[in-house]
>>> print(open('run19.cif').read())   # mmCIF, C-alpha atoms and all ligand atoms
data_data
#
loop_
_atom_site.label_atom_id
_atom_site.label_comp_id
_atom_site.auth_asym_id
_atom_site.auth_seq_id
_atom_site.Cartn_x
_atom_site.Cartn_y
_atom_site.Cartn_z
CA MET A 1 13.14 -95.74 -22.67
CA SER A 2 10.42 -93.26 -21.95
CA PHE A 3 8.16 -94.11 -19.04
CA GLN A 4 5.43 -91.54 -19.45
CA ASN A 5 2.58 -91.89 -17.01
CA PRO A 6 -0.68 -90.07 -17.49
CA VAL A 7 -0.76 -86.71 -15.70
CA PHE A 8 -3.27 -85.91 -12.99
CA ILE A 9 -2.80 -82.17 -12.92
CA PRO A 10 -5.88 -80.08 -13.70
CA GLY A 11 -4.41 -78.95 -17.00
CA PRO A 12 -2.60 -79.32 -19.23
CA THR A 13 -4.38 -82.63 -19.64
CA ASN A 14 -3.43 -85.89 -21.32
CA MET A 15 -3.40 -85.69 -25.09
CA PRO A 16 -4.87 -88.46 -27.22
CA GLU A 17 -2.24 -89.61 -29.74
CA ALA A 18 -4.48 -88.62 -32.66
CA ILE A 19 -4.65 -85.05 -31.37
CA ARG A 20 -0.87 -84.89 -31.03
CA GLN A 21 -0.56 -86.05 -34.64
CA ALA A 22 -3.11 -83.48 -35.79
CA CYS A 23 -1.10 -80.66 -34.21
CA TYR A 24 2.03 -81.83 -36.02
CA MET A 25 1.49 -80.83 -39.61
CA PRO A 26 3.34 -79.33 -42.55
CA THR A 27 3.28 -75.59 -43.20
CA ILE A 28 0.31 -74.36 -45.17
CA ASP A 29 -0.61 -70.90 -46.45
CA HIS A 30 -2.39 -69.41 -43.45
CA ARG A 31 -4.22 -66.89 -45.64
CA SER A 32 -5.95 -69.34 -47.89
CA PRO A 33 -9.11 -71.40 -48.24
CA VAL A 34 -7.06 -74.39 -47.01
CA PHE A 35 -6.72 -72.63 -43.67
CA GLY A 36 -10.39 -71.69 -43.75
CA LYS A 37 -11.20 -75.42 -43.79
CA ILE A 38 -9.47 -75.72 -40.43
CA LEU A 39 -10.61 -72.42 -38.91
CA HIS A 40 -14.33 -72.42 -39.60
CA PRO A 41 -15.06 -75.93 -38.27
CA CYS A 42 -13.25 -74.86 -35.08
CA LEU A 43 -15.41 -71.75 -34.69
CA ASP A 44 -18.64 -73.67 -35.37
CA GLY A 45 -17.60 -76.57 -33.15
CA VAL A 46 -16.67 -74.36 -30.20
CA ARG A 47 -20.08 -72.66 -30.51
CA ARG A 48 -21.80 -76.05 -30.24
CA ILE A 49 -19.71 -77.06 -27.23
CA LEU A 50 -20.64 -73.78 -25.52
CA LYS A 51 -24.28 -74.68 -26.26
CA SER A 52 -24.90 -71.44 -28.07
CA GLU A 53 -26.81 -70.74 -31.26
CA SER A 54 -25.34 -67.41 -32.15
CA ALA A 55 -22.25 -66.58 -30.07
CA LYS A 56 -19.34 -65.11 -32.00
CA ILE A 57 -16.30 -67.28 -31.36
CA PHE A 58 -12.73 -65.95 -31.29
CA ILE A 59 -9.61 -68.06 -30.89
CA PHE A 60 -6.39 -66.27 -30.03
CA PRO A 61 -2.83 -67.57 -29.85
CA SER A 62 -2.69 -67.24 -26.06
CA THR A 63 -4.00 -69.09 -23.00
CA GLY A 64 -7.09 -68.81 -20.81
CA THR A 65 -5.58 -65.75 -19.16
CA GLY A 66 -5.51 -64.03 -22.55
CA GLY A 67 -9.18 -64.96 -22.85
CA TRP A 68 -9.89 -63.02 -19.65
CA GLU A 69 -8.05 -60.03 -21.12
CA THR A 70 -9.94 -60.33 -24.40
CA ALA A 71 -13.22 -60.22 -22.47
CA LEU A 72 -12.29 -57.16 -20.41
CA THR A 73 -10.49 -54.99 -22.94
CA ASN A 74 -13.07 -55.37 -25.70
CA THR A 75 -16.04 -54.41 -23.56
CA LEU A 76 -14.96 -52.05 -20.78
CA SER A 77 -13.40 -48.64 -20.15
CA PRO A 78 -11.06 -47.51 -17.36
CA GLY A 79 -13.00 -46.89 -14.14
CA ASP A 80 -15.88 -49.18 -15.10
CA LYS A 81 -17.35 -51.14 -12.23
CA VAL A 82 -17.11 -54.93 -12.09
CA LEU A 83 -18.72 -57.23 -9.52
CA ALA A 84 -16.78 -60.40 -8.67
CA ALA A 85 -16.56 -62.97 -5.91
CA ARG A 86 -13.15 -64.23 -4.79
CA ASN A 87 -13.27 -67.88 -3.71
CA GLY A 88 -9.96 -69.22 -5.01
CA MET A 89 -6.79 -68.52 -6.95
CA PHE A 90 -8.36 -68.22 -10.40
CA SER A 91 -11.15 -65.87 -9.42
CA HIS A 92 -8.44 -63.90 -7.56
CA ARG A 93 -6.28 -63.64 -10.67
CA TRP A 94 -9.13 -62.41 -12.84
CA ILE A 95 -9.91 -59.75 -10.22
CA ASP A 96 -6.23 -58.80 -10.14
CA MET A 97 -6.27 -58.42 -13.92
CA CYS A 98 -9.32 -56.13 -13.70
CA GLN A 99 -7.55 -53.94 -11.17
CA ARG A 100 -4.42 -53.73 -13.31
CA HIS A 101 -6.67 -52.54 -16.12
CA GLN A 102 -7.96 -49.76 -13.85
CA LEU A 103 -11.38 -51.30 -13.44
CA ASP A 104 -13.21 -50.70 -10.19
CA VAL A 105 -13.87 -54.14 -8.73
CA GLN A 106 -16.52 -54.66 -6.07
CA ILE A 107 -15.23 -57.85 -4.46
CA VAL A 108 -17.48 -60.30 -2.63
CA GLU A 109 -15.00 -62.14 -0.39
CA THR A 110 -16.03 -65.78 -0.18
CA PRO A 111 -14.35 -68.58 1.80
CA TRP A 112 -12.16 -70.84 -0.32
CA GLY A 113 -14.10 -74.08 -0.71
CA GLU A 114 -17.44 -72.28 -1.11
CA GLY A 115 -19.19 -71.54 -4.40
CA LEU A 116 -20.05 -68.13 -5.82
CA PRO A 117 -22.68 -66.56 -3.53
CA ALA A 118 -25.56 -65.79 -5.92
CA ASP A 119 -27.53 -64.24 -3.03
CA LYS A 120 -24.76 -61.73 -2.35
CA TYR A 121 -24.51 -60.96 -6.05
CA GLU A 122 -28.25 -60.28 -6.04
CA GLU A 123 -27.95 -57.99 -3.01
CA ALA A 124 -25.12 -56.01 -4.62
CA LEU A 125 -26.98 -55.73 -7.92
CA LYS A 126 -30.21 -54.60 -6.24
CA ALA A 127 -28.28 -51.97 -4.29
CA ASP A 128 -26.73 -50.65 -7.51
CA LYS A 129 -29.72 -48.48 -8.47
CA SER A 130 -27.74 -46.40 -10.96
CA HIS A 131 -26.59 -49.53 -12.82
CA SER A 132 -22.96 -48.57 -12.51
CA ILE A 133 -21.91 -52.25 -12.44
CA LYS A 134 -21.13 -53.11 -16.05
CA VAL A 135 -20.04 -56.69 -15.69
CA VAL A 136 -20.45 -59.59 -13.29
CA LEU A 137 -17.58 -62.07 -13.27
CA ALA A 138 -18.13 -65.72 -12.42
CA THR A 139 -15.59 -68.53 -12.26
CA HIS A 140 -17.61 -71.60 -13.15
CA ASN A 141 -15.12 -74.13 -11.83
CA GLU A 142 -12.57 -72.85 -9.29
CA THR A 143 -9.65 -75.09 -10.18
CA ALA A 144 -7.74 -74.22 -7.00
CA THR A 145 -10.41 -75.62 -4.68
CA GLY A 146 -12.32 -78.05 -6.91
CA VAL A 147 -15.50 -76.03 -6.52
CA LYS A 148 -18.21 -75.82 -9.17
CA SER A 149 -20.51 -72.82 -8.96
CA ASP A 150 -24.09 -72.45 -10.11
CA ILE A 151 -23.98 -70.07 -13.07
CA ALA A 152 -27.73 -70.34 -13.65
CA ALA A 153 -28.18 -68.97 -10.12
CA VAL A 154 -25.93 -66.00 -10.93
CA ARG A 155 -28.08 -65.32 -14.01
CA ARG A 156 -31.21 -65.51 -11.82
CA ALA A 157 -29.60 -62.97 -9.46
CA LEU A 158 -29.09 -60.56 -12.38
CA ASP A 159 -32.66 -61.11 -13.57
CA ALA A 160 -34.16 -60.76 -10.07
CA ALA A 161 -32.40 -57.41 -9.72
CA LYS A 162 -33.50 -56.45 -13.26
CA HIS A 163 -29.89 -55.41 -13.74
CA PRO A 164 -28.46 -54.92 -17.24
CA ALA A 165 -24.85 -55.89 -16.36
CA MET A 166 -23.18 -58.44 -18.60
CA LEU A 167 -22.21 -61.88 -17.27
CA PHE A 168 -18.67 -63.07 -18.05
CA VAL A 169 -17.87 -66.66 -17.14
CA ASP A 170 -14.48 -68.31 -16.76
CA GLY A 171 -15.10 -71.83 -18.01
CA VAL A 172 -11.45 -72.70 -18.51
CA SER A 173 -11.62 -75.89 -16.44
CA SER A 174 -15.27 -76.73 -17.13
CA ILE A 175 -16.02 -76.21 -20.81
CA GLY A 176 -15.87 -79.55 -22.61
CA SER A 177 -15.81 -81.51 -19.36
CA MET A 178 -18.72 -80.18 -17.29
CA ASP A 179 -22.20 -79.00 -18.24
CA PHE A 180 -21.93 -75.48 -19.68
CA ARG A 181 -24.87 -73.64 -21.28
CA MET A 182 -23.97 -70.28 -22.71
CA ASP A 183 -27.43 -69.43 -24.05
CA ASP A 184 -29.58 -70.96 -21.28
CA TRP A 185 -27.55 -69.18 -18.63
CA GLY A 186 -27.45 -65.87 -20.50
CA VAL A 187 -23.65 -65.79 -20.52
CA ASP A 188 -22.29 -62.76 -22.39
CA ILE A 189 -18.70 -63.91 -22.61
CA ALA A 190 -17.46 -67.45 -22.06
CA VAL A 191 -13.71 -67.97 -21.70
CA THR A 192 -11.67 -71.13 -22.05
CA GLY A 193 -8.30 -72.40 -23.22
CA SER A 194 -6.96 -75.30 -25.24
CA GLN A 195 -5.16 -77.36 -22.60
CA LYS A 196 -7.99 -78.58 -20.38
CA GLY A 197 -11.24 -80.07 -21.71
CA PHE A 198 -10.00 -79.78 -25.29
CA MET A 199 -6.99 -82.04 -24.55
CA LEU A 200 -4.56 -79.88 -26.54
CA PRO A 201 -1.26 -78.26 -25.64
CA ALA A 202 -1.55 -74.80 -24.08
CA GLY A 203 -1.56 -72.06 -26.67
CA LEU A 204 -5.13 -71.03 -27.48
CA ALA A 205 -7.50 -68.61 -25.74
CA ILE A 206 -11.02 -69.52 -26.79
CA VAL A 207 -13.86 -67.06 -26.20
CA GLY A 208 -17.52 -66.75 -27.11
CA PHE A 209 -19.23 -63.33 -27.26
CA SER A 210 -23.00 -62.78 -27.08
CA ASP A 211 -24.65 -60.08 -29.23
CA LYS A 212 -24.73 -57.81 -26.20
CA ALA A 213 -21.00 -58.27 -25.60
CA MET A 214 -20.33 -57.60 -29.29
CA LYS A 215 -22.17 -54.27 -28.98
CA ALA A 216 -20.17 -53.25 -25.90
CA ILE A 217 -17.07 -52.90 -28.06
CA ASP A 218 -18.46 -49.70 -29.61
CA THR A 219 -18.08 -47.82 -26.34
CA ALA A 220 -15.18 -49.68 -24.69
CA THR A 221 -12.01 -47.63 -24.48
CA LEU A 222 -9.56 -49.96 -22.72
CA PRO A 223 -6.49 -50.26 -24.93
CA ARG A 224 -6.30 -53.44 -26.97
CA THR A 225 -4.34 -54.43 -30.04
CA PHE A 226 -3.43 -58.11 -30.13
CA PHE A 227 -6.75 -59.07 -28.53
CA ASP A 228 -8.99 -56.74 -30.57
CA ILE A 229 -11.90 -58.89 -31.71
CA ARG A 230 -12.75 -56.47 -34.52
CA ASP A 231 -9.41 -57.14 -36.20
CA MET A 232 -9.93 -60.85 -35.58
CA ALA A 233 -13.42 -60.79 -37.10
CA LYS A 234 -12.09 -59.02 -40.21
CA GLY A 235 -9.41 -61.68 -40.50
CA TYR A 236 -11.88 -64.55 -40.18
CA ALA A 237 -13.98 -63.13 -42.99
CA ASN A 238 -10.94 -63.71 -45.23
CA ASN A 239 -9.95 -67.13 -43.86
CA ALA A 240 -7.11 -65.47 -41.99
CA TYR A 241 -5.89 -63.91 -38.75
CA PRO A 242 -4.67 -60.33 -38.27
CA TYR A 243 -1.32 -62.06 -37.64
CA THR A 244 0.09 -65.54 -38.01
CA PRO A 245 -2.25 -68.16 -36.56
CA PRO A 246 -1.05 -71.31 -34.74
CA VAL A 247 -2.27 -73.58 -37.54
CA GLY A 248 -1.22 -76.86 -35.93
CA LEU A 249 -3.05 -76.10 -32.69
CA LEU A 250 -6.17 -75.13 -34.61
CA ASN A 251 -5.94 -78.34 -36.60
CA GLY A 252 -5.71 -80.17 -33.27
CA LEU A 253 -8.75 -78.27 -31.98
CA LYS A 254 -10.73 -79.28 -35.05
CA LEU A 255 -9.97 -82.93 -34.30
CA SER A 256 -10.62 -82.47 -30.58
CA ILE A 257 -14.13 -81.24 -31.34
CA GLU A 258 -14.65 -84.16 -33.73
CA LEU A 259 -13.57 -86.62 -31.02
CA ILE A 260 -15.80 -85.00 -28.39
CA GLU A 261 -18.78 -85.05 -30.73
CA ALA A 262 -18.12 -88.61 -31.87
CA GLU A 263 -18.27 -89.71 -28.22
CA GLY A 264 -21.20 -87.32 -27.76
CA LEU A 265 -20.81 -84.21 -25.60
CA ASP A 266 -23.29 -85.55 -23.04
CA ASN A 267 -21.38 -88.83 -22.88
CA VAL A 268 -18.15 -86.91 -22.36
CA LEU A 269 -19.72 -85.03 -19.46
CA ALA A 270 -21.11 -88.27 -18.01
CA ARG A 271 -17.66 -89.86 -18.27
CA HIS A 272 -16.22 -86.96 -16.29
CA THR A 273 -18.89 -87.36 -13.62
CA ARG A 274 -18.23 -91.08 -13.43
CA ILE A 275 -14.45 -90.79 -13.15
CA ALA A 276 -14.79 -87.98 -10.60
CA THR A 277 -17.24 -90.03 -8.54
CA GLY A 278 -14.68 -92.85 -8.36
CA VAL A 279 -12.07 -90.37 -7.11
CA ARG A 280 -14.49 -89.08 -4.48
CA ARG A 281 -15.19 -92.65 -3.30
CA ALA A 282 -11.43 -93.13 -2.93
CA VAL A 283 -11.02 -89.90 -0.94
CA ASP A 284 -13.81 -91.06 1.32
CA ALA A 285 -12.17 -94.46 1.83
CA TRP A 286 -8.91 -92.71 2.75
CA GLY A 287 -10.81 -90.87 5.47
CA LEU A 288 -9.96 -87.51 3.87
CA LYS A 289 -12.20 -84.58 2.98
CA LEU A 290 -12.48 -82.45 -0.11
CA CYS A 291 -11.81 -78.72 0.08
CA ALA A 292 -15.22 -78.17 -1.56
CA ALA A 293 -17.62 -77.49 1.31
CA SER A 294 -20.59 -79.58 0.17
CA PRO A 295 -21.51 -82.23 -2.42
CA GLU A 296 -23.37 -79.91 -4.81
CA LEU A 297 -20.10 -77.97 -5.17
CA TYR A 298 -17.95 -80.99 -6.09
CA SER A 299 -16.16 -80.43 -9.36
CA ASP A 300 -16.11 -83.18 -11.96
CA SER A 301 -12.81 -81.96 -13.40
CA VAL A 302 -10.59 -81.58 -10.32
CA SER A 303 -10.63 -82.67 -6.69
CA ALA A 304 -8.73 -80.65 -4.08
CA ILE A 305 -8.11 -83.01 -1.17
CA CYS A 306 -7.39 -81.74 2.35
CA THR A 307 -4.61 -83.48 4.27
CA PRO A 308 -4.44 -83.69 8.07
CA LYS A 309 -3.31 -80.65 10.10
CA GLY A 310 0.46 -80.38 10.43
CA PHE A 311 1.06 -82.37 7.23
CA ASP A 312 2.43 -80.55 4.17
CA ALA A 313 0.21 -81.60 1.25
CA THR A 314 2.85 -80.39 -1.20
CA ASP A 315 5.06 -83.34 -0.12
CA ILE A 316 2.58 -85.68 -1.82
CA VAL A 317 3.13 -83.95 -5.13
CA THR A 318 6.92 -83.84 -4.67
CA VAL A 319 7.26 -87.52 -3.73
CA ALA A 320 4.82 -88.69 -6.43
CA ALA A 321 6.95 -86.96 -9.06
CA ARG A 322 10.31 -88.03 -7.60
CA ASP A 323 9.60 -91.65 -6.72
CA TYR A 324 6.80 -92.66 -9.08
CA GLY A 325 7.03 -90.28 -12.04
CA MET A 326 3.47 -89.15 -11.60
CA ALA A 327 2.12 -85.59 -11.57
CA PHE A 328 -0.55 -84.28 -9.22
CA GLY A 329 -1.44 -80.64 -8.53
CA VAL A 330 -0.19 -78.63 -5.56
CA GLY A 331 -2.39 -76.37 -3.45
CA LEU A 332 -2.37 -72.73 -4.54
CA GLY A 333 -2.61 -69.51 -2.54
CA GLU A 334 -4.60 -69.79 0.67
CA VAL A 335 -4.72 -73.58 0.48
CA ALA A 336 -1.03 -74.10 -0.39
CA GLY A 337 0.29 -76.99 1.72
CA LYS A 338 -3.24 -77.80 2.90
CA VAL A 339 -4.54 -79.59 -0.16
CA PHE A 340 -3.21 -81.58 -3.09
CA ARG A 341 -5.19 -81.81 -6.27
CA ILE A 342 -6.09 -84.66 -8.55
CA GLY A 343 -7.01 -83.42 -12.00
CA HIS A 344 -9.49 -85.72 -13.71
CA LEU A 345 -10.48 -84.00 -16.90
CA GLY A 346 -9.86 -84.55 -20.56
CA SER A 347 -8.71 -87.81 -22.07
CA LEU A 348 -9.07 -90.25 -19.19
CA THR A 349 -10.33 -93.80 -18.65
CA ASP A 350 -11.23 -95.70 -15.48
CA ALA A 351 -7.99 -97.65 -15.80
CA MET A 352 -5.90 -94.48 -16.03
CA MET A 353 -7.70 -93.04 -13.02
CA LEU A 354 -7.10 -96.20 -10.97
CA SER A 355 -3.37 -95.87 -11.67
CA GLY A 356 -3.45 -92.32 -10.32
CA LEU A 357 -5.32 -93.35 -7.19
CA GLY A 358 -2.93 -96.27 -6.68
CA VAL A 359 0.12 -94.03 -6.79
CA ALA A 360 -1.50 -91.38 -4.57
CA GLU A 361 -2.06 -94.12 -2.00
CA MET A 362 1.52 -95.36 -2.13
CA VAL A 363 2.82 -91.83 -1.67
CA MET A 364 0.55 -91.11 1.28
CA VAL A 365 1.62 -94.35 2.97
CA ASP A 366 5.30 -93.52 2.23
CA LEU A 367 4.76 -90.19 3.95
CA GLY A 368 3.30 -91.81 7.04
CA LEU A 369 -0.37 -90.95 6.62
CA ASP A 370 -2.73 -93.44 8.19
CA ILE A 371 -4.09 -94.88 4.95
CA LYS A 372 -4.50 -98.50 3.96
CA LEU A 373 -2.95 -99.49 0.64
CA GLY A 374 -5.66 -100.40 -1.81
CA SER A 375 -8.51 -98.83 0.14
CA GLY A 376 -9.17 -95.94 -2.23
CA VAL A 377 -8.47 -98.01 -5.32
CA ALA A 378 -10.95 -100.65 -4.16
CA ALA A 379 -13.62 -98.05 -3.46
CA ALA A 380 -13.19 -96.61 -6.94
CA GLN A 381 -13.10 -100.10 -8.50
CA ASN A 382 -16.34 -100.98 -6.78
CA PHE A 383 -17.97 -97.84 -8.05
CA TYR A 384 -16.73 -98.26 -11.63
CA ARG A 385 -17.80 -101.95 -11.67
CA ARG A 386 -21.27 -101.19 -10.35
CA ASP A 387 -21.68 -98.27 -12.72
CA ASN A 388 -20.69 -100.53 -15.63
CA ALA A 389 -23.17 -103.19 -14.56
CA GLN A 390 -25.94 -100.62 -14.30
CA LYS A 391 -25.15 -99.26 -17.76
CA LYS A 392 -25.20 -102.75 -19.24
CA ALA A 393 -28.49 -103.55 -17.57
CA ALA A 394 -29.99 -100.28 -18.81
CA ALA A 395 -28.84 -101.05 -22.37
CA GLU A 396 -30.52 -104.50 -22.37
C1 LIG B 401 -6.24 -72.97 -15.98
C2 LIG B 401 -7.21 -71.91 -15.60
C3 LIG B 401 -7.04 -70.58 -15.97
C4 LIG B 401 -5.79 -70.05 -16.59
O1 LIG B 401 -5.61 -70.50 -17.84
P1 LIG B 401 -4.19 -70.39 -18.53
O2 LIG B 401 -4.47 -71.14 -19.77
O3 LIG B 401 -3.19 -71.03 -17.64
O4 LIG B 401 -3.91 -68.96 -18.77
C5 LIG B 401 -8.04 -69.69 -15.67
N1 LIG B 401 -9.14 -70.07 -15.00
C6 LIG B 401 -9.32 -71.33 -14.60
C7 LIG B 401 -10.56 -71.67 -13.86
C8 LIG B 401 -8.37 -72.29 -14.88
O5 LIG B 401 -8.55 -73.56 -14.48
#
>>> encode(input="run19.cif", output="structure tokens", more="lines below")
Ligand SMILES: *Cc1c(COP(=O)(O)O)cnc(C)c1O
Amino acid sequence: MSFQNPVFIPGPTNMPEAIRQACYMPTIDHRSPVFGKILHPCLDGVRRILKSESAKIFIFPSTGTGGWETALTNTLSPGDKVLAARNGMFSHRWIDMCQRHQLDVQIVETPWGEGLPADKYEEALKADKSHSIKVVLATHNETATGVKSDIAAVRRALDAAKHPAMLFVDGVSSIGSMDFRMDDWGVDIAVTGSQKGFMLPAGLAIVGFSDKAMKAIDTATLPRTFFDIRDMAKGYANNAYPYTPPVGLLNGLKLSIELIEAEGLDNVLARHTRIATGVRRAVDAWGLKLCAASPELYSDSVSAICTPKGFDATDIVTVAARDYGMAFGVGLGEVAGKVFRIGHLGSLTDAMMLSGLGVAEMVMVDLGLDIKLGSGVAAAQNFYRRDNAQKKAAAE
């Protein structure tokens, strides 16, 4: 027998059965109009999910990390200056990638648990009179700490400084599950992957380029081959890739977009907020705190939960897997051992979430934490019931 529980890691996320089936398909000619019927709906659908009218979409066989590299290598040259805040493991890794590509990163160190400091971005941009900063990096949702940042505020910082730098946003754990507005926020490159909000296996880097980012390629001299968007664009014009595309994954992406749009993107986002709110009620009932420093920073796709001093939060993840066959996320980097993470994005219902909270409770009691069985589950149940009742009343 297979006893597969849902996963509560912040990606890869649970896959709806229909998406799994869509990925599993016979071989087709990947340089043919048949492939074009899979590819082009994906490109158009991703553009709609990014809330952009005109972004150029590129989908590489890769992961979110490859999306970061696509953004950097197609637009920048060695020695170019990049402004970035470091407030968690993912923003750290993007900075590390910049440095390995010989970019000059001006780092705004930010406590883990805080959001991107738009005011410090503004200060740095105003001080950069010669406009040597070419790009501002922003991690929309820091998956390591469960912190959502205000990208509109970063755009306002750029505008207030009248600075022409481009804005690149890592939306790997927000796009498709949290409000993301490429055009409204003036995002020049948006980066995501297939295995989070899109509910697919890992294997695709998904990026959107603004017109300004598309122009930057003319002067960018960082080496690129596999991730060259010019080769990709030429391929797309002929219903093809410059190499062999992962047809099954793209077919899955096409269905994923159809499912998201059938539910309604806004409804999908509201479902994420609702499920996340239930999790936060549970954390509260357990007497624990989130790593995110204040409510406006709370992520709707992942909660990083602090455990008491002297307790190793990683034990929760180990025991949950060993004794209950359930997956939660460990703390990364600076918060390793201090937090465990509950991923709550993608294909998830209230009932699935309650199972995750129930197991988390059992594990914490097993490990001797002072938590009452059922307390978090009841808090979430109460929230979900009340929210349902309110929705019903509103519909009448
Ligand atoms: C998961 C994640 C990544 C890395 O994506 P991979 O697909 O693992 O390469 C980057 N940024 C954020 C915010 C993420 O959550």
>>> residues_around(input="run19.cif", residues="segment 212-224 of chain A", least_positions_apart="4", cutoff="12 Å", atoms="only C-alpha atoms", output="ChimeraX atom specification")
/A:54-58,66,69-80,98,100-103,134-135,164-168,186-190,207-208,228-233
>>> write_last_selection(input="run19.cif", atoms="C-alpha atoms", output="compact mmCIF listing (two decimals), in the frame of the given file")
# COMPACT_ATOMS: atom_id res chain seq x y z
CA SER A 54 -25.34 -67.41 -32.15
CA ALA A 55 -22.25 -66.58 -30.07
CA LYS A 56 -19.34 -65.11 -32.00
CA ILE A 57 -16.30 -67.28 -31.36
CA PHE A 58 -12.73 -65.95 -31.29
CA GLY A 66 -5.51 -64.03 -22.55
CA GLU A 69 -8.05 -60.03 -21.12
CA THR A 70 -9.94 -60.33 -24.40
CA ALA A 71 -13.22 -60.22 -22.47
CA LEU A 72 -12.29 -57.16 -20.41
CA THR A 73 -10.49 -54.99 -22.94
CA ASN A 74 -13.07 -55.37 -25.70
CA THR A 75 -16.04 -54.41 -23.56
CA LEU A 76 -14.96 -52.05 -20.78
CA SER A 77 -13.40 -48.64 -20.15
CA PRO A 78 -11.06 -47.51 -17.36
CA GLY A 79 -13.00 -46.89 -14.14
CA ASP A 80 -15.88 -49.18 -15.10
CA CYS A 98 -9.32 -56.13 -13.70
CA ARG A 100 -4.42 -53.73 -13.31
CA HIS A 101 -6.67 -52.54 -16.12
CA GLN A 102 -7.96 -49.76 -13.85
CA LEU A 103 -11.38 -51.30 -13.44
CA LYS A 134 -21.13 -53.11 -16.05
CA VAL A 135 -20.04 -56.69 -15.69
CA PRO A 164 -28.46 -54.92 -17.24
CA ALA A 165 -24.85 -55.89 -16.36
CA MET A 166 -23.18 -58.44 -18.60
CA LEU A 167 -22.21 -61.88 -17.27
CA PHE A 168 -18.67 -63.07 -18.05
CA GLY A 186 -27.45 -65.87 -20.50
CA VAL A 187 -23.65 -65.79 -20.52
CA ASP A 188 -22.29 -62.76 -22.39
CA ILE A 189 -18.70 -63.91 -22.61
CA ALA A 190 -17.46 -67.45 -22.06
CA VAL A 207 -13.86 -67.06 -26.20
CA GLY A 208 -17.52 -66.75 -27.11
CA ASP A 228 -8.99 -56.74 -30.57
CA ILE A 229 -11.90 -58.89 -31.71
CA ARG A 230 -12.75 -56.47 -34.52
CA ASP A 231 -9.41 -57.14 -36.20
CA MET A 232 -9.93 -60.85 -35.58
CA ALA A 233 -13.42 -60.79 -37.10
>>> residues_around(input="run19.cif", residues="Ala304 of chain A", least_positions_apart="2", cutoff="12 Å", atoms="all atoms listed in the file", output="PyMOL selection string")
chain A and resi 8-10+88+112-113+141-148+276+279-280+283+288-293+297-302+306-307+313-314+328-332+335-344
>>> residues_near_ligand(input="run19.cif", ligand="ligand LIG 401 (chain B)", cutoff="7 Å", atoms="only C-alpha atoms and all ligand atoms", output="PyMOL selection string")
chain A and resi 11+63-66+90+139+141-143+170-173+193+195+202
>>> residues_around(input="run19.cif", residues="segment 351-361 of chain A", least_positions_apart="4", cutoff="10 Å", atoms="only C-alpha atoms", output="PyMOL selection string")
chain A and resi 5-8+275-276+278-279+282-283+286+316-317+319-320+323-328+342-344+347+365-367+369+371-378+380-381+384
>>> closest_residue(input="run19.cif", among="A:Ile59, A:Ile38, A:Leu116, A:Ala84", to="Ala22 of chain A", atoms="all atoms listed in the file")
A:Ile38
